[in-house]
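Below is the file input.csv, which contains CSV, C-alpha atoms and all ligand atoms.
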```csv
chain,number,residue,atom,x,y,z
A,1,MET,CA,12.2,14.5,74.7
A,2,GLY,CA,10.0,12.2,76.8
A,3,ARG,CA,10.1,8.4,76.4
A,4,PRO,CA,6.7,8.1,74.7
A,5,VAL,CA,7.7,10.5,72.0
A,6,VAL,CA,10.9,8.5,71.3
A,7,MET,CA,8.9,5.3,71.1
A,8,VAL,CA,6.4,6.9,68.7
A,9,ALA,CA,9.2,8.2,66.5
A,10,ALA,CA,10.9,4.8,66.5
A,11,GLY,CA,7.6,3.2,65.6
A,12,LEU,CA,7.0,5.6,62.7
A,13,LEU,CA,10.6,5.0,61.4
A,14,LEU,CA,9.9,1.2,61.5
A,15,ILE,CA,6.7,1.6,59.5
A,16,LEU,CA,8.5,3.8,57.0
A,17,LEU,CA,11.3,1.1,56.7
A,18,LEU,CA,8.7,-1.7,56.2
A,19,VAL,CA,6.9,0.3,53.5
A,20,ALA,CA,10.2,1.0,51.7
A,21,VAL,CA,11.2,-2.7,51.8
A,22,ALA,CA,7.8,-3.9,50.7
A,23,HIS,CA,8.0,-1.4,47.8
A,24,SER,CA,11.4,-2.5,46.7
A,25,VAL,CA,10.5,-6.2,46.5
A,26,ALA,CA,7.1,-5.6,44.9
A,27,PRO,CA,6.9,-7.1,41.4
A,28,GLU,CA,7.1,-4.8,38.4
A,29,VAL,CA,3.6,-4.3,37.3
A,30,SER,CA,4.2,-1.8,34.5
A,31,GLY,CA,6.5,-4.0,32.5
A,32,LYS,CA,6.0,-7.1,30.6
A,33,SER,CA,5.8,-10.2,32.7
A,34,ALA,CA,8.7,-12.6,33.0
A,35,LEU,CA,6.1,-15.4,33.1
A,36,VAL,CA,4.0,-16.7,30.2
A,37,GLN,CA,0.9,-18.8,29.9
A,38,ASP,CA,0.8,-22.0,28.0
A,39,LYS,CA,-2.2,-23.1,25.9
A,40,THR,CA,-4.2,-24.4,28.9
A,41,GLY,CA,-3.8,-21.0,30.6
A,42,GLN,CA,-1.3,-22.3,33.1
A,43,THR,CA,1.5,-20.1,34.0
A,44,ILE,CA,4.9,-21.5,33.2
A,45,LYS,CA,8.3,-20.1,33.7
A,46,PRO,CA,10.1,-19.8,30.3
A,47,GLU,CA,13.4,-21.4,29.9
A,48,LYS,CA,15.9,-21.0,27.1
A,49,GLU,CA,14.3,-22.3,23.9
A,50,SER,CA,16.0,-23.8,20.9
A,51,LEU,CA,14.5,-22.8,17.6
A,52,LEU,CA,15.4,-23.8,14.0
A,53,VAL,CA,16.9,-21.1,11.9
A,54,ARG,CA,17.1,-20.7,8.2
A,55,LYS,CA,20.0,-18.8,6.6
A,56,VAL,CA,19.4,-16.8,3.5
A,57,GLU,CA,22.1,-14.6,2.0
A,58,GLY,CA,23.9,-14.4,5.3
A,59,ARG,CA,20.9,-13.6,7.4
A,60,SER,CA,19.2,-15.9,9.9
A,61,TYR,CA,15.4,-16.2,10.1
A,62,PHE,CA,12.9,-17.9,12.3
A,63,HIS,CA,9.8,-19.5,10.9
A,64,LEU,CA,6.9,-17.2,12.1
A,65,GLN,CA,5.0,-20.1,13.6
A,66,GLU,CA,8.0,-21.2,15.6
A,67,LEU,CA,7.8,-17.9,17.5
A,68,LYS,CA,4.7,-19.3,19.3
A,69,ARG,CA,7.1,-21.6,21.2
A,70,LEU,CA,8.6,-18.4,22.8
A,71,GLY,CA,5.2,-17.4,24.1
A,72,ILE,CA,4.9,-14.8,21.4
A,73,GLN,CA,1.4,-14.2,19.9
A,74,ILE,CA,1.2,-13.9,16.1
A,75,ASP,CA,-1.3,-12.2,13.9
A,76,VAL,CA,-0.9,-12.1,10.1
A,77,ASP,CA,-3.0,-9.9,7.9
A,78,GLU,CA,-2.4,-11.5,4.5
A,79,GLU,CA,-4.5,-8.8,2.7
A,80,MET,CA,-2.7,-5.9,4.2
A,81,GLY,CA,0.7,-7.6,4.2
A,82,THR,CA,1.4,-7.1,7.9
A,83,VAL,CA,2.6,-9.2,10.8
A,84,THR,CA,1.9,-8.3,14.4
A,85,LEU,CA,3.8,-9.9,17.2
A,86,ASN,CA,2.9,-9.5,20.8
A,87,GLU,CA,4.5,-10.5,24.1
A,88,GLY,CA,3.3,-8.9,27.3
A,89,ALA,CA,3.4,-5.2,27.0
A,90,LEU,CA,5.3,-5.2,23.8
A,91,THR,CA,3.8,-5.2,20.3
A,92,LEU,CA,5.9,-5.4,17.2
A,93,HIS,CA,4.6,-4.5,13.7
A,94,LEU,CA,6.2,-5.7,10.5
A,95,VAL,CA,5.4,-5.1,6.8
A,96,ARG,CA,5.9,-7.5,3.9
A,97,GLU,CA,8.9,-6.5,1.8
A,98,ALA,CA,9.6,-3.5,3.9
A,99,PRO,CA,12.6,-3.2,6.3
A,100,VAL,CA,10.8,-1.4,9.1
A,101,LEU,CA,10.1,-2.5,12.7
A,102,SER,CA,7.9,-0.6,15.1
A,103,ARG,CA,7.5,-1.5,18.8
A,104,ASN,CA,4.5,0.0,20.5
A,105,HIS,CA,4.2,2.3,17.5
A,106,ARG,CA,7.8,3.6,17.7
A,107,TYR,CA,10.3,2.6,15.1
A,108,LEU,CA,13.5,0.7,15.9
A,109,PRO,CA,16.7,0.8,13.7
A,110,VAL,CA,16.3,-2.8,12.6
A,111,ASP,CA,16.0,-4.2,9.0
A,112,ALA,CA,13.0,-6.4,9.7
A,113,THR,CA,12.1,-7.4,6.2
A,114,PRO,CA,10.2,-10.7,6.5
A,115,LEU,CA,10.7,-13.4,3.9
A,116,TRP,CA,7.2,-13.7,2.6
A,117,GLU,CA,6.9,-16.9,0.6
A,118,GLY,CA,3.2,-17.6,1.2
A,119,GLU,CA,0.6,-17.3,3.8
A,120,ASN,CA,2.1,-20.1,5.9
A,121,GLU,CA,5.7,-19.5,4.8
A,122,ILE,CA,6.7,-16.3,6.5
A,123,TRP,CA,10.2,-16.0,8.0
A,124,ILE,CA,11.2,-13.4,10.5
A,125,PRO,CA,14.8,-12.1,10.9
A,126,VAL,CA,16.3,-13.1,14.3
A,127,GLU,CA,17.1,-9.5,15.0
A,128,VAL,CA,13.4,-8.8,15.4
A,129,VAL,CA,13.3,-11.1,18.4
A,130,GLU,CA,16.7,-9.9,19.7
A,131,VAL,CA,16.1,-6.2,19.5
A,132,GLY,CA,12.3,-6.0,19.4
A,133,PHE,CA,11.7,-8.2,22.4
A,134,ASP,CA,15.1,-7.6,24.1
A,135,ARG,CA,15.9,-11.4,24.1
A,136,SER,CA,19.3,-12.9,23.8
A,137,VAL,CA,19.6,-14.9,20.6
A,138,LYS,CA,22.6,-17.2,19.9
A,139,VAL,CA,22.7,-18.7,16.4
A,140,ASP,CA,24.6,-21.9,15.8
A,141,SER,CA,25.0,-21.9,12.1
A,142,VAL,CA,26.4,-25.5,12.0
A,143,LYS,CA,23.4,-27.0,13.7
A,144,GLY,CA,21.0,-24.6,12.1
A,145,VAL,CA,19.4,-23.6,15.5
A,146,ALA,CA,19.3,-20.6,17.7
A,147,THR,CA,19.1,-20.5,21.5
A,148,VAL,CA,16.7,-17.8,22.6
A,149,GLY,CA,16.8,-16.5,26.2
A,150,PRO,CA,13.7,-15.7,28.3
A,151,PRO,CA,12.0,-12.4,28.1
A,152,ALA,CA,13.7,-9.6,29.9
A,153,ALA,CA,12.2,-9.0,33.3
A,154,GLU,CA,12.4,-5.3,33.0
A,155,ALA,CA,10.1,-3.4,30.7
A,156,SER,CA,11.5,-1.3,28.0
A,157,ALA,CA,8.6,1.0,28.1
A,158,PHE,CA,8.9,4.5,26.7
A,159,SER,CA,9.4,7.3,29.1
A,160,ASP,CA,8.7,10.2,26.8
A,161,HIS,CA,5.4,11.8,26.3
A,162,SER,CA,2.9,11.3,23.5
A,163,PRO,CA,-0.7,12.3,23.4
A,164,ASP,CA,-3.2,9.6,24.4
A,165,SER,CA,-5.7,10.8,21.9
A,166,PRO,CA,-4.5,13.1,19.1
A,167,GLU,CA,-8.2,13.7,18.2
A,168,GLU,CA,-8.4,16.0,21.2
A,169,ILE,CA,-5.5,18.2,20.4
A,170,SER,CA,-6.4,21.7,19.3
A,171,VAL,CA,-4.7,23.4,16.3
A,172,ALA,CA,-2.6,25.5,18.7
A,173,GLN,CA,-1.6,22.5,20.8
A,174,MET,CA,-0.6,20.5,17.6
A,175,ILE,CA,1.6,23.4,16.5
A,176,GLU,CA,3.2,23.5,19.9
A,177,TYR,CA,3.6,19.7,19.9
A,178,LEU,CA,5.4,19.7,16.5
A,179,SER,CA,7.3,22.9,17.0
A,180,PHE,CA,10.6,21.1,17.4
A,181,LEU,CA,10.4,20.2,13.6
A,182,SER,CA,11.8,22.5,10.9
A,183,SER,CA,11.4,22.5,7.1
A,184,PRO,CA,12.9,19.4,5.4
A,185,ILE,CA,14.1,21.6,2.6
A,186,GLU,CA,16.0,24.8,3.6
A,187,GLY,CA,14.1,27.9,2.6
A,188,ALA,CA,11.1,26.0,1.2
A,189,GLN,CA,7.6,27.1,2.2
A,190,VAL,CA,4.5,25.0,2.8
A,191,SER,CA,2.9,24.5,-0.6
A,192,SER,CA,0.4,27.0,-1.8
A,193,GLN,CA,-1.5,24.2,-3.6
A,194,PRO,CA,-4.2,22.4,-1.6
A,195,SER,CA,-3.5,19.2,-3.5
A,196,HIS,CA,0.0,19.1,-2.0
A,197,LEU,CA,-1.3,19.0,1.6
A,198,PRO,CA,-2.3,16.0,3.8
A,199,GLY,CA,-5.8,14.9,3.3
A,200,ALA,CA,-6.0,16.0,-0.4
A,201,PRO,CA,-7.9,13.3,-2.4
A,202,ARG,CA,-6.0,10.7,-4.3
A,203,THR,CA,-7.2,7.8,-6.4
A,204,TYR,CA,-5.2,5.3,-4.4
A,205,ARG,CA,-3.6,5.1,-0.9
A,206,GLY,CA,-6.9,4.9,0.9
A,207,GLY,CA,-8.1,7.8,-1.1
A,208,THR,CA,-6.2,10.5,0.6
A,209,HIS,CA,-2.8,12.1,0.3
A,210,GLU,CA,-0.9,11.3,3.6
A,211,GLY,CA,1.9,13.9,3.5
A,212,LEU,CA,3.1,17.3,2.5
A,213,ASP,CA,4.6,17.8,-1.0
A,214,TYR,CA,7.3,20.2,-1.9
A,215,TYR,CA,7.3,21.1,-5.6
A,216,THR,CA,9.0,23.8,-7.6
A,217,ALA,CA,7.2,27.2,-7.5
A,218,ALA,CA,4.4,26.0,-5.1
A,219,SER,CA,7.1,25.9,-2.4
A,220,GLY,CA,8.5,29.2,-3.3
A,221,MET,CA,11.8,27.9,-4.9
A,222,VAL,CA,13.2,25.5,-7.4
A,223,ILE,CA,13.0,21.9,-6.3
A,224,ASP,CA,15.0,19.4,-8.3
A,225,THR,CA,17.6,16.6,-7.9
A,226,ASP,CA,20.1,19.2,-6.6
A,227,THR,CA,17.8,20.1,-3.7
A,228,ALA,CA,19.1,18.6,-0.4
A,229,VAL,CA,16.6,17.0,1.9
A,230,ILE,CA,17.5,17.6,5.6
A,231,ALA,CA,16.5,16.1,8.9
A,232,ALA,CA,13.5,18.0,10.3
A,233,ALA,CA,14.8,17.5,13.8
A,234,ASP,CA,17.3,15.4,15.9
A,235,GLY,CA,16.5,11.7,15.7
A,236,ILE,CA,17.5,8.2,14.9
A,237,ILE,CA,17.6,6.8,11.3
A,238,VAL,CA,15.2,3.9,11.3
A,239,ARG,CA,15.2,3.3,7.6
A,240,VAL,CA,17.5,4.4,4.7
A,241,ASP,CA,17.0,2.9,1.3
A,242,HIS,CA,20.6,2.6,-0.1
A,243,ASP,CA,19.6,-0.4,-2.2
A,244,TYR,CA,16.4,0.8,-3.7
A,245,VAL,CA,15.7,-0.6,-7.1
A,246,GLU,CA,13.2,1.3,-9.2
A,247,MET,CA,10.1,-0.7,-10.3
A,248,SER,CA,9.3,-1.1,-13.9
A,249,GLU,CA,6.2,0.7,-15.3
A,250,LYS,CA,4.6,-2.7,-15.6
A,251,GLN,CA,5.3,-3.6,-12.0
A,252,ARG,CA,3.9,-0.3,-10.7
A,253,ASN,CA,0.7,-0.6,-12.8
A,254,ARG,CA,0.3,-4.2,-11.5
A,255,LEU,CA,0.6,-2.9,-7.9
A,256,LEU,CA,-1.9,-0.1,-8.6
A,257,GLU,CA,-4.3,-2.7,-9.9
A,258,ILE,CA,-4.0,-4.7,-6.8
A,259,ALA,CA,-4.5,-1.6,-4.7
A,260,ALA,CA,-7.6,-0.6,-6.7
A,261,ARG,CA,-9.1,-4.0,-5.9
A,262,HIS,CA,-8.8,-3.3,-2.2
A,263,GLN,CA,-11.0,-0.2,-2.5
A,264,GLY,CA,-9.5,2.5,-0.4
A,265,GLN,CA,-7.4,0.2,1.8
A,266,THR,CA,-4.1,0.0,-0.1
A,267,PRO,CA,-2.1,-3.0,1.4
A,268,ALA,CA,0.8,-1.7,3.5
A,269,HIS,CA,3.5,-3.2,1.3
A,270,ILE,CA,2.1,-1.7,-1.9
A,271,PHE,CA,1.8,1.7,-0.3
A,272,ASP,CA,5.4,1.3,0.8
A,273,LYS,CA,6.5,0.7,-2.7
A,274,MET,CA,4.7,3.8,-3.9
A,275,ARG,CA,6.9,6.0,-1.7
A,276,GLY,CA,10.0,5.0,-3.7
A,277,ARG,CA,13.3,5.5,-2.1
A,278,THR,CA,12.9,6.7,1.5
A,279,VAL,CA,14.5,7.8,4.7
A,280,TRP,CA,12.6,7.5,8.0
A,281,ILE,CA,13.6,9.3,11.2
A,282,GLN,CA,12.2,8.5,14.7
A,283,HIS,CA,12.2,11.6,16.9
A,284,LYS,CA,11.1,12.3,20.5
A,285,ASN,CA,7.5,12.3,21.6
A,286,GLY,CA,6.5,9.5,19.2
A,287,VAL,CA,7.0,11.7,16.2
A,288,LEU,CA,8.3,10.0,13.0
A,289,THR,CA,9.2,11.9,9.8
A,290,ARG,CA,9.4,10.1,6.4
A,291,TYR,CA,11.1,11.5,3.3
A,292,ALA,CA,9.9,9.9,0.1
A,293,HIS,CA,10.5,9.7,-3.7
A,294,LEU,CA,14.2,10.5,-3.1
A,295,ASP,CA,16.6,10.5,-6.0
A,296,ARG,CA,19.5,9.3,-3.7
A,297,VAL,CA,20.3,9.1,-0.1
A,298,SER,CA,23.4,10.4,1.7
A,299,PRO,CA,26.0,7.7,1.1
A,300,ASN,CA,27.3,7.5,4.7
A,301,LEU,CA,23.9,7.5,6.3
A,302,GLN,CA,23.4,4.2,8.3
A,303,LEU,CA,20.5,2.6,10.1
A,304,GLY,CA,20.7,3.6,13.8
A,305,ASP,CA,22.6,6.8,13.1
A,306,GLU,CA,21.8,9.7,15.3
A,307,VAL,CA,21.2,12.7,13.1
A,308,LYS,CA,20.9,16.4,14.1
A,309,ARG,CA,18.3,18.8,12.8
A,310,GLY,CA,19.5,20.1,9.4
A,311,ASP,CA,21.7,17.1,8.6
A,312,ARG,CA,21.5,16.1,4.9
A,313,VAL,CA,19.7,12.8,4.4
A,314,GLY,CA,19.3,12.8,0.6
A,315,TYR,CA,18.2,14.6,-2.5
A,316,VAL,CA,14.8,15.2,-4.0
A,317,GLY,CA,13.7,12.8,-6.8
A,318,ASN,CA,10.7,11.1,-8.3
A,319,SER,CA,11.4,7.4,-7.3
A,320,GLY,CA,8.3,5.3,-7.1
A,321,THR,CA,6.2,7.7,-9.0
A,322,ARG,CA,4.6,7.4,-12.5
A,323,ASP,CA,7.5,9.5,-13.9
A,324,GLY,CA,10.2,7.8,-11.8
A,325,VAL,CA,9.4,4.3,-13.3
A,326,LYS,CA,9.5,5.8,-16.8
A,327,GLY,CA,13.0,7.1,-16.0
A,328,ASN,CA,12.2,10.8,-16.8
A,329,ASP,CA,12.8,13.8,-14.6
A,330,ARG,CA,9.3,15.1,-14.4
A,331,GLY,CA,7.3,15.5,-11.2
A,332,LEU,CA,10.3,15.9,-9.0
A,333,HIS,CA,9.2,16.6,-5.4
A,334,LEU,CA,9.7,15.7,-1.8
A,335,HIS,CA,6.8,13.9,-0.2
A,336,PHE,CA,7.1,14.5,3.6
A,337,ASP,CA,5.1,12.5,6.2
A,338,ILE,CA,4.6,13.3,9.8
A,339,LEU,CA,3.3,10.6,12.1
A,340,ILE,CA,2.7,10.4,15.8
A,341,ASP,CA,2.9,6.9,17.3
A,342,ASP,CA,2.5,5.6,13.8
A,343,ARG,CA,-0.8,7.4,13.3
A,344,TRP,CA,-1.9,9.7,10.6
A,345,ILE,CA,-2.5,12.8,12.6
A,346,TRP,CA,-4.6,14.9,10.2
A,347,GLU,CA,-8.0,13.3,10.5
A,348,PRO,CA,-9.6,15.6,13.1
A,349,TYR,CA,-8.7,18.8,11.2
A,350,THR,CA,-10.3,20.7,8.4
A,351,PRO,CA,-8.2,21.6,5.3
A,352,ALA,CA,-7.8,25.1,6.6
A,353,GLU,CA,-6.7,23.9,10.0
A,354,ARG,CA,-4.2,21.5,8.4
A,355,ARG,CA,-2.6,24.4,6.6
A,356,GLN,CA,-2.6,26.5,9.7
A,357,ILE,CA,-0.7,23.8,11.6
A,358,LEU,CA,1.8,23.2,8.8
A,359,GLU,CA,2.5,26.9,8.3
A,360,GLY,CA,2.6,27.4,12.0
A,361,VAL,CA,5.3,24.7,12.4
A,362,PHE,CA,7.3,25.0,9.2
A,363,ASN,CA,7.1,28.6,7.7
A,401,ZN,ZN,3.0,13.3,-1.8
```
Here is the file; what I need is its structure written in the form of structure tokens.
Amino acid sequence: MGRPVVMVAAGLLLILLLVAVAHSVAPEVSGKSALVQDKTGQTIKPEKESLLVRKVEGRSYFHLQELKRLGIQIDVDEEMGTVTLNEGALTLHLVREAPVLSRNHRYLPVDATPLWEGENEIWIPVEVVEVGFDRSVKVDSVKGVATVGPPAAEASAFSDHSPDSPEEISVAQMIEYLSFLSSPIEGAQVSSQPSHLPGAPRTYRGGTHEGLDYYTAASGMVIDTDTAVIAAADGIIVRVDHDYVEMSEKQRNRLLEIAARHQGQTPAHIFDKMRGRTVWIQHKNGVLTRYAHLDRVSPNLQLGDEVKRGDRVGYVGNSGTRDGVKGNDRGLHLHFDILIDDRWIWEPYTPAERRQILEGVFN
């Protein structure tokens, strides 16, 4: 090898090395920033913050407005009963009186039920900041304060796939996308009744039925309180209502009255109550399945449990329904929801296409 060739080779190697070094020290751009901006738009480096905490029944809560001191942006929708928290690339979503927490539209196994005592009196469990934003939280119960660490430098973005725009997914593609799911009741068929399918008209809940119902006969078998409800696929339990208390008929009617006043936009927390006793499972690819109106849930099932497809999660019931609040055993059925990244996926399809997708996936 001649000398010029060696020099060129050495030069190339040096360039490669420089590129590699530059790349390794380049700041993370995909993740949330470790820096926050103050009110004047100036960038400040966050330090540990000390926030007041309130203890209620053994749980610690931050006042919602206090979270602003952590650089967290707050948005309350009083009408819908929702709270949105944003920090960098992370957006958390909470619902009044509901124990669910979604981060960038995927659910986390955290009981995030806010204390909702008025428009300006909303309290957020410390776990929401701890788990939702990956921040260290140290509660000092004696002093009534919590020390909160700065945002994590690394992003906890999701690596698995989900469609950018479900609207553009064909029937065949949607069947393929959901093909890892199986029937939530062993041996049951997708209902023969159009009114049991997603998109069927309803007088409340935004005017449409969101899920798929499994009733006796229409599903090709007997469905009652002895019917086991099983996980449609492997996933993480993100909600399991062990402590569900049935509403009174009066309470339910009152909620329906409020919902009617909102004309087609049922507040999230009322909608939540109408589902009765539920189990929610977060699966891969942004898919969430929700099992509603359960009579009872599996006693050992815990928040954060990893379940396998076919694992029993509970039994069919009528909790939260007109019959459930009356205490009778009529109208027993499983209401089964499928969401992708917290979105109702049925909008782009005709009723015939919805049936085609459901039968393609579950039958
Ligand atoms: Zn239903």
- Using all atoms listed in the file, determine which residues fall within 8 Å of ligand ZN 401 (chain A), then list them as an MDAnalysis selection string. chainID A and resid 196:197 209:213 292 333:336
Give me a file of those residues, with C-alpha atoms, as a JSON list (two decimals), keeping the file's coordinate frame.
```json
[["chain", "number", "residue", "atom", "x", "y", "z"],
["A", 196, "HIS", "CA", 0.00, 19.10, -2.00],
["A", 197, "LEU", "CA", -1.30, 19.00, 1.60],
["A", 209, "HIS", "CA", -2.80, 12.10, 0.30],
["A", 210, "GLU", "CA", -0.90, 11.30, 3.60],
["A", 211, "GLY", "CA", 1.90, 13.90, 3.50],
["A", 212, "LEU", "CA", 3.10, 17.30, 2.50],
["A", 213, "ASP", "CA", 4.60, 17.80, -1.00],
["A", 292, "ALA", "CA", 9.90, 9.90, 0.10],
["A", 333, "HIS", "CA", 9.20, 16.60, -5.40],
["A", 334, "LEU", "CA", 9.70, 15.70, -1.80],
["A", 335, "HIS", "CA", 6.80, 13.90, -0.20],
["A", 336, "PHE", "CA", 7.10, 14.50, 3.60]]
```
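With distances taken from (2.5, -3.6, 2.8) and restricted to all atoms listed in the file, the residues inside 7 Å are Met80, Gly81, Thr82, Val95, Arg96, Pro267, Ala268, His269, Ile270, Phe271 and Asp272 of chain A.
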- Task: Determine, counting all atoms listed in the file, which protein, DNA and RNA residues have an atom within 9 Å of an atom of A:Leu64; residues of the same chain fewer than 4 positions away are not included. Present the result as a PyMOL selection string.
- Result: chain A and resi 68+74+120-124
- Task: Would you list the contacts of A:Gln73 as a VMD selection string, taking every protein, DNA or RNA residue within 7 Å and counting all atoms listed in the file, but skipping same-chain residues closer than 4 positions in sequence?
- Result: chain A and resid 68 85 to 87
Tell me, counting all atoms listed in the file, for each residue of stretch 169-195 of chain A within 9 Å of stretch 347-351 of chain A, which pair of atoms is nearest and how far apart they are in Å to one decimal, in rows ordered by chain and increasing number, as a tab-separated table.
```
residue	atom	partner	partner_atom	distance
A:Ile169	CA	A:Pro348	CA	8.8
A:Ser170	CA	A:Tyr349	CA	8.9
A:Val171	CA	A:Tyr349	CA	7.9
A:Pro194	CA	A:Pro351	CA	8.0
```
For A:Val240: contacts at 10 Å, only C-alpha atoms, fewer than 6 positions along chain excluded, given as a short mmCIF file (atom, residue, chain, number, x, y, z; two decimals) with C-alpha atoms, in the coordinates of the input:
```
data_model
loop_
_atom_site.label_atom_id
_atom_site.label_comp_id
_atom_site.auth_asym_id
_atom_site.auth_seq_id
_atom_site.Cartn_x
_atom_site.Cartn_y
_atom_site.Cartn_z
CA PRO A 99 12.60 -3.20 6.30
CA VAL A 100 10.80 -1.40 9.10
CA PRO A 109 16.70 0.80 13.70
CA ASP A 111 16.00 -4.20 9.00
CA ARG A 277 13.30 5.50 -2.10
CA THR A 278 12.90 6.70 1.50
CA VAL A 279 14.50 7.80 4.70
CA TRP A 280 12.60 7.50 8.00
CA ILE A 281 13.60 9.30 11.20
CA TYR A 291 11.10 11.50 3.30
CA ARG A 296 19.50 9.30 -3.70
CA VAL A 297 20.30 9.10 -0.10
CA SER A 298 23.40 10.40 1.70
CA PRO A 299 26.00 7.70 1.10
CA LEU A 301 23.90 7.50 6.30
CA GLN A 302 23.40 4.20 8.30
CA LEU A 303 20.50 2.60 10.10
CA GLY A 304 20.70 3.60 13.80
CA VAL A 313 19.70 12.80 4.40
CA GLY A 314 19.30 12.80 0.60
#
```
- Message: Show me the residues around (14.4, 0.1, -3.0) - criterion: an atom at most 10 Å away, only C-alpha atoms counted - as a list in words.
- Response: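 In the file's frame, the residues around the point are Glu97, Ala98, Val240, Asp241, His242, Asp243, Tyr244, Val245, Glu246, Met247, Asp272, Lys273, Arg275, Gly276, Arg277, Thr278, Ser319 and Gly320 of chain A.
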- Message: Residues near A:Glu127, anyone? I mean within 10 Å using only C-alpha atoms, not counting same-chain ones fewer than 6 positions away, as an NGL selection string.
- Response: :A and (59-62 or 110-112 or 133-137)
What box, with edges along x, y and z, holds each listed atom of stretch 257-268 of chain A when 3 Å is added on every side, and can you state its centre and edge lengths in Å to one decimal, as lines of an AutoDock Vina configuration file?
```
center_x = -5.1
center_y = -1.1
center_z = -3.2
size_x = 17.8
size_y = 13.2
size_z = 19.4
```
- Message: Just checking: using only C-alpha atoms, which residue out of A:Gly118, A:His262, A:Lys143, A:Gly149 ends up closest to A:Gly71?
- Response: A:Gly149
- Query: So which residues touch stretch 224-228 of chain A within 12 Å, counting all atoms listed in the file, skipping near sequence neighbours fewer than 2 positions away, as a count of residues only?
  - Reply: 39
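Coordinates place atom CA of A:Thr208 at a distance of 17.1 Å from atom CA of A:Leu358.
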- Which distance in Å separates atom CA of A:Thr147 and atom CA of A:Pro114, to one decimal? 20.0 Å
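You can rank A:Glu249, A:Asp341, A:Glu130, A:Glu47 by their closest distance to A:Tyr107 using only C-alpha atoms, and at the top of that list sits A:Asp341.
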- Item | Atomic separation - atom CA of A:Glu119 relative to atom CA of A:Arg54, Å |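 For atom CA of A:Arg54 relative to atom CA of A:Glu119, the distance reads 17.4 Å.
Among the candidates A:Ala218, A:Val145, A:Val131, A:Val126, the one nearest to A:Glu49 when counting only C-alpha atoms is A:Val145.
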- Among A:Leu52, A:His283, A:Ala352, A:Ala146, A:Gln65 is approached most closely, using all atoms listed in the file, by A:Leu52
